[in-house]
>>> print(open('query_30.cif').read())   # mmCIF, C-alpha atoms (C1' of nucleotides)
data_target
loop_
_atom_site.label_atom_id
_atom_site.label_comp_id
_atom_site.auth_asym_id
_atom_site.auth_seq_id
_atom_site.Cartn_x
_atom_site.Cartn_y
_atom_site.Cartn_z
CA MET A 718 -27.35 -7.24 26.35
CA GLN A 719 -28.81 -10.70 26.12
CA ASN A 720 -27.83 -14.04 24.71
CA ALA A 721 -29.99 -16.52 22.83
CA HIS A 722 -31.78 -17.59 25.99
CA GLY A 723 -32.70 -14.11 27.05
CA GLN A 724 -30.19 -14.06 29.85
CA VAL A 725 -28.17 -11.00 30.60
CA PHE A 726 -24.54 -11.04 29.54
CA LEU A 727 -22.53 -10.26 32.62
CA ALA A 728 -19.62 -9.71 30.30
CA ASP A 729 -21.08 -7.02 28.11
CA CYS A 730 -19.31 -5.21 25.33
CA PRO A 731 -17.67 -2.37 27.27
CA THR A 732 -16.22 -4.88 29.68
CA ARG A 733 -14.65 -6.79 26.84
CA LEU A 734 -13.17 -3.61 25.49
CA ALA A 735 -11.61 -2.89 28.86
CA VAL A 736 -10.19 -6.38 28.97
CA GLU A 737 -8.87 -6.01 25.44
CA ILE A 738 -7.02 -2.88 26.49
CA ILE A 739 -5.47 -4.05 29.72
CA ALA A 740 -4.99 -7.73 28.94
CA GLU A 741 -1.51 -7.21 27.61
CA LYS A 742 1.64 -7.84 29.54
CA TRP A 743 2.81 -4.23 29.65
CA ALA A 744 -0.18 -2.00 28.99
CA VAL A 745 -1.18 -1.39 32.61
CA ILE A 746 2.40 -0.88 33.66
CA VAL A 747 3.08 1.63 30.92
CA LEU A 748 -0.09 3.58 31.68
CA PHE A 749 0.84 3.55 35.33
CA ALA A 750 4.34 4.79 34.52
CA LEU A 751 2.88 7.64 32.48
CA SER A 752 0.39 8.65 35.14
CA LEU A 753 2.77 10.96 36.99
CA GLU A 754 4.33 12.85 34.12
CA PRO A 755 5.19 12.63 30.41
CA ARG A 756 8.17 10.43 29.76
CA ARG A 757 10.59 9.53 27.02
CA PRO A 758 10.78 5.94 25.79
CA GLY A 759 14.22 5.44 27.26
CA ASP A 760 13.06 6.64 30.64
CA LEU A 761 10.04 4.39 30.47
CA ALA A 762 12.16 1.37 29.68
CA GLY A 763 14.53 2.13 32.54
CA LEU A 764 11.70 2.78 34.93
CA ILE A 765 9.78 -0.34 34.05
CA GLY A 766 12.64 -2.75 33.60
CA GLY A 767 12.61 -5.92 31.57
CA ILE A 768 10.80 -4.55 28.56
CA SER A 769 12.46 -4.48 25.18
CA GLY A 770 12.37 -1.42 22.96
CA LYS A 771 10.30 -3.16 20.37
CA VAL A 772 7.60 -4.26 22.74
CA LEU A 773 7.53 -0.87 24.43
CA THR A 774 6.93 0.80 21.07
CA GLN A 775 4.24 -1.74 20.22
CA THR A 776 2.48 -1.13 23.50
CA LEU A 777 2.63 2.64 23.08
CA ARG A 778 1.31 2.39 19.53
CA ARG A 779 -1.66 0.41 20.64
CA LEU A 780 -2.43 2.76 23.50
CA GLN A 781 -2.19 5.58 20.99
CA ALA A 782 -4.69 3.82 18.74
CA TYR A 783 -7.13 3.68 21.64
CA GLY A 784 -6.65 7.39 22.21
CA LEU A 785 -5.18 6.82 25.66
CA VAL A 786 -1.67 8.06 24.97
CA GLU A 787 -0.24 10.94 22.95
CA ARG A 788 3.11 11.13 21.25
CA GLN A 789 5.04 14.36 20.98
CA ALA A 790 8.21 14.59 18.92
CA TYR A 791 10.68 17.45 19.16
CA ALA A 792 12.72 18.46 16.14
CA GLU A 793 16.11 18.03 17.73
CA ALA A 794 19.22 16.00 17.32
CA PRO A 795 19.47 13.53 18.82
CA PRO A 796 15.74 12.99 18.50
CA ARG A 797 13.58 13.50 21.54
CA VAL A 798 10.12 12.06 21.97
CA GLU A 799 7.69 12.25 24.84
CA TYR A 800 4.61 10.23 25.59
CA ARG A 801 1.84 11.42 27.83
CA LEU A 802 -1.63 10.34 28.83
CA THR A 803 -4.51 11.91 26.98
CA GLU A 804 -7.47 13.23 28.91
CA LEU A 805 -9.20 9.96 28.15
CA GLY A 806 -6.17 7.97 29.19
CA ALA A 807 -6.04 9.80 32.49
CA THR A 808 -9.51 8.51 33.35
CA LEU A 809 -8.09 4.99 33.35
CA ILE A 810 -5.66 5.74 36.16
CA LYS A 811 -8.31 5.52 38.85
CA PRO A 812 -9.40 1.95 38.06
CA ILE A 813 -5.79 0.96 37.52
CA THR A 814 -4.90 2.35 40.91
CA ALA A 815 -7.73 0.35 42.42
CA LEU A 816 -6.11 -2.70 40.91
CA THR A 817 -2.57 -1.93 42.04
CA ASP A 818 -3.82 -1.11 45.52
CA TRP A 819 -5.53 -4.46 45.59
CA ALA A 820 -2.31 -6.12 44.50
CA ARG A 821 -0.35 -4.47 47.27
CA GLU A 822 -2.88 -5.53 49.86
CA ASN A 823 -3.49 -9.08 48.67
CA GLY A 824 -0.43 -10.05 46.69
CA GLU A 825 1.18 -11.78 49.62
CA ALA A 826 -1.92 -13.83 50.32
CA ILE A 827 -1.88 -15.14 46.78
CA VAL A 828 1.78 -16.05 46.89
CA ASP A 829 1.20 -17.81 50.19
CA PHE A 830 -1.69 -19.75 48.76
CA GLN A 831 0.33 -20.85 45.79
CA GLU A 832 3.17 -22.06 48.01
CA ASN A 833 0.81 -24.08 50.18
CA HIS A 834 -0.94 -25.68 47.24
CA ARG A 835 1.90 -26.98 45.14
CA PRO A 836 0.90 -29.31 42.28
CA ALA A 837 2.14 -32.55 43.88
CA ARG A 838 4.31 -33.66 46.76
CA PRO A 839 6.81 -36.55 46.57
CA MET B 688 11.74 -1.12 44.91
CA GLN B 689 14.56 0.30 42.85
CA ASN B 690 16.38 -0.51 39.67
CA ALA B 691 20.08 -0.36 38.96
CA HIS B 692 20.05 3.43 38.76
CA GLY B 693 18.35 3.90 42.09
CA GLN B 694 15.08 4.90 40.50
CA VAL B 695 11.78 3.71 41.85
CA PHE B 696 10.04 0.99 39.92
CA LEU B 697 6.60 2.26 39.22
CA ALA B 698 5.69 -1.23 38.19
CA ASP B 699 6.54 -3.04 41.38
CA CYS B 700 6.06 -6.74 42.04
CA PRO B 701 2.47 -6.75 43.30
CA THR B 702 1.40 -4.79 40.27
CA ARG B 703 2.92 -7.37 37.98
CA LEU B 704 1.13 -10.11 39.86
CA ALA B 705 -2.15 -8.32 39.32
CA VAL B 706 -1.39 -7.98 35.64
CA GLU B 707 -0.46 -11.64 35.44
CA ILE B 708 -3.83 -12.55 36.90
CA ILE B 709 -6.06 -10.34 34.82
CA ALA B 710 -4.07 -10.27 31.60
CA GLU B 711 -5.91 -13.24 30.17
CA LYS B 712 -8.72 -13.03 27.74
CA TRP B 713 -11.38 -14.49 30.02
CA ALA B 714 -10.16 -14.16 33.60
CA VAL B 715 -11.85 -10.86 34.40
CA ILE B 716 -15.06 -11.89 32.72
CA VAL B 717 -15.21 -15.17 34.59
CA LEU B 718 -14.54 -13.50 37.93
CA PHE B 719 -17.20 -10.95 37.13
CA ALA B 720 -19.66 -13.69 36.23
CA LEU B 721 -18.98 -15.43 39.53
CA SER B 722 -19.35 -12.27 41.58
CA LEU B 723 -23.11 -12.57 42.04
CA GLU B 724 -23.46 -16.23 42.88
CA PRO B 725 -21.83 -19.64 42.46
CA ARG B 726 -22.32 -21.05 39.01
CA ARG B 727 -21.91 -24.25 37.08
CA PRO B 728 -19.55 -24.38 34.13
CA GLY B 729 -22.40 -24.74 31.67
CA ASP B 730 -24.14 -21.71 33.08
CA LEU B 731 -20.92 -19.73 32.94
CA ALA B 732 -20.38 -20.61 29.32
CA GLY B 733 -23.93 -19.62 28.40
CA LEU B 734 -23.72 -16.44 30.40
CA ILE B 735 -20.40 -15.37 28.97
CA GLY B 736 -20.82 -16.49 25.42
CA GLY B 737 -18.07 -17.26 22.94
CA ILE B 738 -15.88 -19.23 25.30
CA SER B 739 -15.11 -22.87 24.64
CA GLY B 740 -15.36 -25.48 27.35
CA LYS B 741 -11.67 -26.14 27.27
CA VAL B 742 -10.66 -22.54 27.75
CA LEU B 743 -13.25 -22.04 30.45
CA THR B 744 -11.81 -24.95 32.38
CA GLN B 745 -8.29 -23.63 31.87
CA THR B 746 -9.27 -20.23 33.16
CA LEU B 747 -11.01 -21.67 36.20
CA ARG B 748 -8.03 -23.89 36.99
CA ARG B 749 -5.70 -20.95 36.96
CA LEU B 750 -7.99 -18.86 39.14
CA GLN B 751 -8.14 -21.82 41.49
CA ALA B 752 -4.36 -21.95 41.60
CA TYR B 753 -4.31 -18.31 42.68
CA GLY B 754 -6.81 -19.09 45.41
CA LEU B 755 -9.43 -16.82 43.89
CA VAL B 756 -11.98 -19.48 42.95
CA GLU B 757 -13.23 -22.63 44.64
CA ARG B 758 -14.56 -25.76 43.04
CA GLN B 759 -17.28 -27.82 44.60
CA ALA B 760 -18.34 -31.14 43.12
CA TYR B 761 -21.53 -32.96 44.07
CA ALA B 762 -21.69 -36.74 43.93
CA GLU B 763 -24.62 -36.97 41.56
CA ALA B 764 -25.43 -38.30 38.15
CA PRO B 765 -25.20 -36.49 35.89
CA PRO B 766 -22.27 -34.76 37.57
CA ARG B 767 -22.81 -31.33 39.04
CA VAL B 768 -20.06 -28.89 39.77
CA GLU B 769 -20.16 -25.35 41.10
CA TYR B 770 -17.53 -22.67 41.14
CA ARG B 771 -17.58 -19.78 43.54
CA LEU B 772 -15.30 -16.95 44.56
CA THR B 773 -13.16 -17.47 47.60
CA GLU B 774 -12.96 -14.77 50.23
CA LEU B 775 -9.75 -13.64 48.58
CA GLY B 776 -11.35 -13.73 45.15
CA ALA B 777 -14.20 -11.59 46.35
CA THR B 778 -11.77 -8.81 47.20
CA LEU B 779 -10.94 -8.55 43.51
CA ILE B 780 -14.49 -7.63 42.58
CA LYS B 781 -14.17 -4.05 43.70
CA PRO B 782 -11.23 -3.17 41.44
CA ILE B 783 -12.82 -5.14 38.63
CA THR B 784 -16.00 -3.18 39.05
CA ALA B 785 -13.99 0.03 38.90
CA LEU B 786 -12.71 -1.18 35.58
CA THR B 787 -16.05 -2.22 34.15
CA ASP B 788 -17.60 1.04 35.30
CA TRP B 789 -14.85 2.88 33.51
CA ALA B 790 -15.55 0.84 30.40
CA ARG B 791 -19.21 1.68 30.47
CA GLU B 792 -18.49 5.37 30.85
CA ASN B 793 -15.65 5.66 28.35
CA GLY B 794 -16.05 2.77 25.96
CA GLU B 795 -17.91 4.86 23.44
CA ALA B 796 -15.24 7.55 23.45
CA ILE B 797 -12.63 4.97 22.58
CA VAL B 798 -14.63 3.49 19.76
CA ASP B 799 -15.25 6.99 18.43
CA PHE B 800 -11.57 7.78 18.57
CA GLN B 801 -10.67 4.63 16.70
CA GLU B 802 -13.19 5.39 13.96
CA ASN B 803 -11.86 8.92 13.51
CA HIS B 804 -8.24 7.82 13.37
CA ARG B 805 -8.25 5.05 10.83
CA PRO B 806 -4.82 3.86 9.63
CA ALA B 807 -4.96 5.48 6.18
CA ARG B 808 -7.50 7.10 3.88
CA PRO B 809 -7.67 6.45 0.12
"C1'" DC C 585 17.83 8.09 20.93
"C1'" DA C 586 13.77 6.44 18.76
"C1'" DG C 587 12.10 3.30 15.85
"C1'" DT C 588 11.88 -0.57 12.42
"C1'" DA C 589 12.78 -5.17 10.49
"C1'" DT C 590 13.65 -10.00 11.11
"C1'" DC C 591 13.57 -14.25 13.09
"C1'" DC C 592 12.08 -17.38 16.52
"C1'" DA C 593 10.19 -19.48 20.99
"C1'" DT C 594 6.31 -19.62 23.69
"C1'" DT C 595 1.79 -18.92 24.93
"C1'" DT C 596 -2.93 -18.72 24.13
"C1'" DC C 597 -7.04 -19.82 21.89
"C1'" DG C 598 -10.35 -22.48 19.22
"C1'" DA C 599 -12.62 -26.69 17.20
"C1'" DT C 600 -13.28 -31.33 17.59
"C1'" DA C 601 -13.54 -35.82 19.38
"C1'" DC C 602 -13.74 -38.59 23.32
"C1'" DT C 603 -14.25 -40.46 28.47
"C1'" DG C 604 -16.64 -41.08 33.04
"C1'" DC D 246 -22.65 -32.44 32.18
"C1'" DA D 247 -17.88 -31.83 33.29
"C1'" DG D 248 -13.54 -32.55 31.85
"C1'" DT D 249 -9.51 -34.13 29.04
"C1'" DA D 250 -6.75 -34.92 24.82
"C1'" DT D 251 -5.17 -33.41 20.37
"C1'" DC D 252 -4.15 -30.61 16.68
"C1'" DG D 253 -3.43 -26.41 14.47
"C1'" DA D 254 -3.84 -21.29 13.95
"C1'" DA D 255 -2.79 -17.01 15.73
"C1'" DA D 256 -1.18 -13.65 18.92
"C1'" DT D 257 2.44 -12.22 21.83
"C1'" DG D 258 6.84 -11.47 23.40
"C1'" DG D 259 12.06 -11.52 23.25
"C1'" DA D 260 16.78 -10.88 21.03
"C1'" DT D 261 19.34 -8.84 17.63
"C1'" DA D 262 20.81 -5.99 13.95
"C1'" DC D 263 20.06 -1.94 11.50
"C1'" DT D 264 18.41 3.08 9.95
"C1'" DG D 265 17.65 8.22 10.40
#
>>> encode(input="query_30.cif", output="structure tokens")
Amino acid sequence: MQNAHGQVFLADCPTRLAVEIIAEKWAVIVLFALSLEPRRPGDLAGLIGGISGKVLTQTLRRLQAYGLVERQAYAEAPPRVEYRLTELGATLIKPITALTDWARENGEAIVDFQENHRPARP
Amino acid sequence: MQNAHGQVFLADCPTRLAVEIIAEKWAVIVLFALSLEPRRPGDLAGLIGGISGKVLTQTLRRLQAYGLVERQAYAEAPPRVEYRLTELGATLIKPITALTDWARENGEAIVDFQENHRPARP
DNA sequence: CAGTATCCATTTCGATACTG
DNA sequence: CAGTATCGAAATGGATACTG
């Protein structure tokens, strides 16, 4: 892909799609939480922590729209619902794991940097 | 890490830091654009396309604050500035590449899914 | 329990004009 | 050219109450 000056876009379309998918506060975390096994919304919320029911539903709906997550409802009372990764969604776990591994290895270095480069000192 | 019920947080702290870093519209794209060589802001904007000067500066400032990007100014007229990845920033390229590779391989499948699952049909 | 409907605070982004 | 300052639009997230 090229821009008006004939240069290659480093940020081509697929990359932007990937960013669009993961650049949400909870998307990566939810996908990660679903990577081991199907889970119910309540379990997801408890497992993740700090996410409201509304936002969890929103996130799941969007991941569904991308075809990354499937919803399965059981006809029971009280209602029971399970979410699981689709085959396509499962392919995202590898790159996500690469990212979380990176975070585990380098997270401390970033926090250290931030603490040693505070905005201003009195 | 555990929550109040003794369950393991799948989304532990480092993961959230990683999300915080990349969950911005342009952060991943800018890092990717800087992965090959140092670049000037104008070049970055042209290469990326669709990003305003203000937002580009914002993004670079935040990446600087994380210690992922370095700014080098030359005392010239007109002013010349270059941004480059730090050593720490360079370590992020591998997981980002995993993500962009995934996007290239699976982007089409997602677009297809979206087109075959439109909201409603008349 | 799962999900929706409101309402609201905050963040993020974009366009423009302007300075050194 | 690089960067800042504003202003406004839009997206995003959070808290709460409510329905089946």
>>> residues_around(input="query_30.cif", residues="stretch 794-805 of chain A", least_positions_apart="6", cutoff="12 Å", atoms="only C-alpha atoms (C1' of nucleotides)", output="count of residues only")
45
>>> closest_residue(input="query_30.cif", among="B:Gln759, B:Arg749, B:Leu734, B:Lys741", to="D:DA250", atoms="only C-alpha atoms (C1' of nucleotides)")
B:Lys741
>>> resolve_selection(input="query_30.cif", expression="the PyMOL selection byres ((chain D) within 12 of (chain A))", output="VMD selection string")
chain D and resid 256 to 261 265
>>> atom_distance(input="query_30.cif", atom1="atom CA of B:Leu786", atom2="atom CA of B:Gly736")
20.1 Å
>>> closest_residue(input="query_30.cif", among="A:Ile739, A:Cys730, A:Ala815, A:Glu793", to="chain C", atoms="all atoms listed in the file")
A:Glu793
>>> decode(input="query_30.cif", residues="stretch 589-604 of chain C", atoms="N, CA, C and O atoms (P, O5', C5', C4', C3', O3' and C1' of nucleotides)", output="PDB file, in the first residue's frame")
ATOM      1  P    DA C 589     -32.045  -1.570  25.422  1.00  0.00           P
ATOM      2  O5'  DA C 589     -32.193  -0.517  26.603  1.00  0.00           O
ATOM      3  C5'  DA C 589     -33.147  -0.736  27.635  1.00  0.00           C
ATOM      4  C4'  DA C 589     -33.226   0.493  28.537  1.00  0.00           C
ATOM      5  C3'  DA C 589     -32.860   1.807  27.842  1.00  0.00           C
ATOM      6  O3'  DA C 589     -33.702   2.847  28.334  1.00  0.00           O
ATOM      7  C1'  DA C 589     -31.387   1.425  29.654  1.00  0.00           C
ATOM      8  P    DT C 590     -34.008   4.117  27.463  1.00  0.00           P
ATOM      9  O5'  DT C 590     -33.329   5.301  28.300  1.00  0.00           O
ATOM     10  C5'  DT C 590     -32.076   5.044  28.918  1.00  0.00           C
ATOM     11  C4'  DT C 590     -32.014   5.772  30.256  1.00  0.00           C
ATOM     12  C3'  DT C 590     -31.441   7.181  30.128  1.00  0.00           C
ATOM     13  O3'  DT C 590     -32.090   8.055  31.036  1.00  0.00           O
ATOM     14  C1'  DT C 590     -29.980   5.818  31.444  1.00  0.00           C
ATOM     15  P    DC C 591     -31.981   9.613  30.789  1.00  0.00           P
ATOM     16  O5'  DC C 591     -30.721  10.001  31.663  1.00  0.00           O
ATOM     17  C5'  DC C 591     -30.646   9.560  33.026  1.00  0.00           C
ATOM     18  C4'  DC C 591     -29.259   9.832  33.566  1.00  0.00           C
ATOM     19  C3'  DC C 591     -28.617  11.112  33.015  1.00  0.00           C
ATOM     20  O3'  DC C 591     -28.188  11.933  34.096  1.00  0.00           O
ATOM     21  C1'  DC C 591     -27.135   9.278  32.819  1.00  0.00           C
ATOM     22  P    DC C 592     -27.532  13.331  33.829  1.00  0.00           P
ATOM     23  O5'  DC C 592     -25.997  13.004  34.044  1.00  0.00           O
ATOM     24  C5'  DC C 592     -25.581  12.235  35.171  1.00  0.00           C
ATOM     25  C4'  DC C 592     -24.078  11.978  35.085  1.00  0.00           C
ATOM     26  C3'  DC C 592     -23.261  13.198  34.633  1.00  0.00           C
ATOM     27  O3'  DC C 592     -22.197  13.382  35.542  1.00  0.00           O
ATOM     28  C1'  DC C 592     -22.725  11.293  33.332  1.00  0.00           C
ATOM     29  P    DA C 593     -21.315  14.706  35.442  1.00  0.00           P
ATOM     30  O5'  DA C 593     -19.862  14.072  35.409  1.00  0.00           O
ATOM     31  C5'  DA C 593     -19.546  12.998  36.305  1.00  0.00           C
ATOM     32  C4'  DA C 593     -18.196  12.401  35.928  1.00  0.00           C
ATOM     33  C3'  DA C 593     -17.124  13.438  35.601  1.00  0.00           C
ATOM     34  O3'  DA C 593     -15.912  13.082  36.252  1.00  0.00           O
ATOM     35  C1'  DA C 593     -17.501  12.020  33.721  1.00  0.00           C
ATOM     36  P    DT C 594     -14.626  13.984  36.020  1.00  0.00           P
ATOM     37  O5'  DT C 594     -13.829  13.229  34.873  1.00  0.00           O
ATOM     38  C5'  DT C 594     -13.830  11.794  34.856  1.00  0.00           C
ATOM     39  C4'  DT C 594     -13.190  11.287  33.598  1.00  0.00           C
ATOM     40  C3'  DT C 594     -12.012  12.121  33.086  1.00  0.00           C
ATOM     41  O3'  DT C 594     -10.840  11.328  33.153  1.00  0.00           O
ATOM     42  C1'  DT C 594     -13.474  11.483  31.313  1.00  0.00           C
ATOM     43  P    DT C 595      -9.450  11.885  32.564  1.00  0.00           P
ATOM     44  O5'  DT C 595      -9.383  11.189  31.125  1.00  0.00           O
ATOM     45  C5'  DT C 595      -9.897   9.877  30.983  1.00  0.00           C
ATOM     46  C4'  DT C 595      -9.922   9.478  29.522  1.00  0.00           C
ATOM     47  C3'  DT C 595      -8.676   9.870  28.726  1.00  0.00           C
ATOM     48  O3'  DT C 595      -8.208   8.710  28.061  1.00  0.00           O
ATOM     49  C1'  DT C 595     -10.648  10.592  27.611  1.00  0.00           C
ATOM     50  P    DT C 596      -6.843   8.725  27.208  1.00  0.00           P
ATOM     51  O5'  DT C 596      -7.359   8.996  25.734  1.00  0.00           O
ATOM     52  C5'  DT C 596      -8.400   8.208  25.211  1.00  0.00           C
ATOM     53  C4'  DT C 596      -8.786   8.733  23.854  1.00  0.00           C
ATOM     54  C3'  DT C 596      -7.603   9.236  23.015  1.00  0.00           C
ATOM     55  O3'  DT C 596      -7.590   8.532  21.793  1.00  0.00           O
ATOM     56  C1'  DT C 596      -9.383  10.799  22.991  1.00  0.00           C
ATOM     57  P    DC C 597      -6.407   8.719  20.752  1.00  0.00           P
ATOM     58  O5'  DC C 597      -7.118   9.525  19.580  1.00  0.00           O
ATOM     59  C5'  DC C 597      -8.496   9.285  19.321  1.00  0.00           C
ATOM     60  C4'  DC C 597      -9.072  10.349  18.415  1.00  0.00           C
ATOM     61  C3'  DC C 597      -8.097  10.933  17.399  1.00  0.00           C
ATOM     62  O3'  DC C 597      -8.592  10.712  16.100  1.00  0.00           O
ATOM     63  C1'  DC C 597      -9.291  12.652  18.555  1.00  0.00           C
ATOM     64  P    DG C 598      -7.743  11.164  14.809  1.00  0.00           P
ATOM     65  O5'  DG C 598      -8.386  12.560  14.377  1.00  0.00           O
ATOM     66  C5'  DG C 598      -9.787  12.654  14.264  1.00  0.00           C
ATOM     67  C4'  DG C 598     -10.179  14.088  13.935  1.00  0.00           C
ATOM     68  C3'  DG C 598      -9.224  14.787  12.950  1.00  0.00           C
ATOM     69  O3'  DG C 598      -9.991  15.389  11.930  1.00  0.00           O
ATOM     70  C1'  DG C 598      -9.520  16.104  14.919  1.00  0.00           C
ATOM     71  P    DA C 599      -9.229  16.070  10.684  1.00  0.00           P
ATOM     72  O5'  DA C 599      -9.475  17.620  10.931  1.00  0.00           O
ATOM     73  C5'  DA C 599     -10.779  18.079  11.256  1.00  0.00           C
ATOM     74  C4'  DA C 599     -10.753  19.596  11.415  1.00  0.00           C
ATOM     75  C3'  DA C 599      -9.789  20.305  10.457  1.00  0.00           C
ATOM     76  O3'  DA C 599     -10.405  21.462   9.900  1.00  0.00           O
ATOM     77  C1'  DA C 599      -9.226  20.793  12.718  1.00  0.00           C
ATOM     78  P    DT C 600      -9.546  22.356   8.881  1.00  0.00           P
ATOM     79  O5'  DT C 600      -9.114  23.602   9.755  1.00  0.00           O
ATOM     80  C5'  DT C 600     -10.007  24.116  10.753  1.00  0.00           C
ATOM     81  C4'  DT C 600      -9.272  25.101  11.638  1.00  0.00           C
ATOM     82  C3'  DT C 600      -8.220  25.933  10.899  1.00  0.00           C
ATOM     83  O3'  DT C 600      -8.616  27.300  10.860  1.00  0.00           O
ATOM     84  C1'  DT C 600      -7.417  25.133  12.998  1.00  0.00           C
ATOM     85  P    DA C 601      -7.681  28.388  10.126  1.00  0.00           P
ATOM     86  O5'  DA C 601      -6.937  29.068  11.352  1.00  0.00           O
ATOM     87  C5'  DA C 601      -7.657  29.340  12.562  1.00  0.00           C
ATOM     88  C4'  DA C 601      -6.674  29.787  13.649  1.00  0.00           C
ATOM     89  C3'  DA C 601      -5.600  30.748  13.131  1.00  0.00           C
ATOM     90  O3'  DA C 601      -5.409  31.821  14.044  1.00  0.00           O
ATOM     91  C1'  DA C 601      -4.600  28.882  14.178  1.00  0.00           C
ATOM     92  P    DC C 602      -4.372  33.018  13.647  1.00  0.00           P
ATOM     93  O5'  DC C 602      -3.098  32.723  14.562  1.00  0.00           O
ATOM     94  C5'  DC C 602      -3.280  32.465  15.961  1.00  0.00           C
ATOM     95  C4'  DC C 602      -1.985  31.919  16.568  1.00  0.00           C
ATOM     96  C3'  DC C 602      -0.728  32.702  16.162  1.00  0.00           C
ATOM     97  O3'  DC C 602      -0.079  33.197  17.328  1.00  0.00           O
ATOM     98  C1'  DC C 602      -0.391  30.355  15.997  1.00  0.00           C
ATOM     99  P    DT C 603       1.192  34.270  17.130  1.00  0.00           P
ATOM    100  O5'  DT C 603       2.414  33.438  17.705  1.00  0.00           O
ATOM    101  C5'  DT C 603       2.335  32.873  19.023  1.00  0.00           C
ATOM    102  C4'  DT C 603       3.564  32.014  19.282  1.00  0.00           C
ATOM    103  C3'  DT C 603       4.894  32.719  18.969  1.00  0.00           C
ATOM    104  O3'  DT C 603       5.783  32.549  20.057  1.00  0.00           O
ATOM    105  C1'  DT C 603       4.774  30.619  17.879  1.00  0.00           C
ATOM    106  P    DG C 604       7.146  33.470  20.101  1.00  0.00           P
ATOM    107  O5'  DG C 604       8.317  32.446  19.757  1.00  0.00           O
ATOM    108  C5'  DG C 604       8.413  31.218  20.465  1.00  0.00           C
ATOM    109  C4'  DG C 604       9.567  30.380  19.905  1.00  0.00           C
ATOM    110  C3'  DG C 604      10.769  31.189  19.432  1.00  0.00           C
ATOM    111  O3'  DG C 604      11.961  30.477  19.743  1.00  0.00           O
ATOM    112  C1'  DG C 604       9.922  29.927  17.631  1.00  0.00           C
TER     113       DG C 604
END
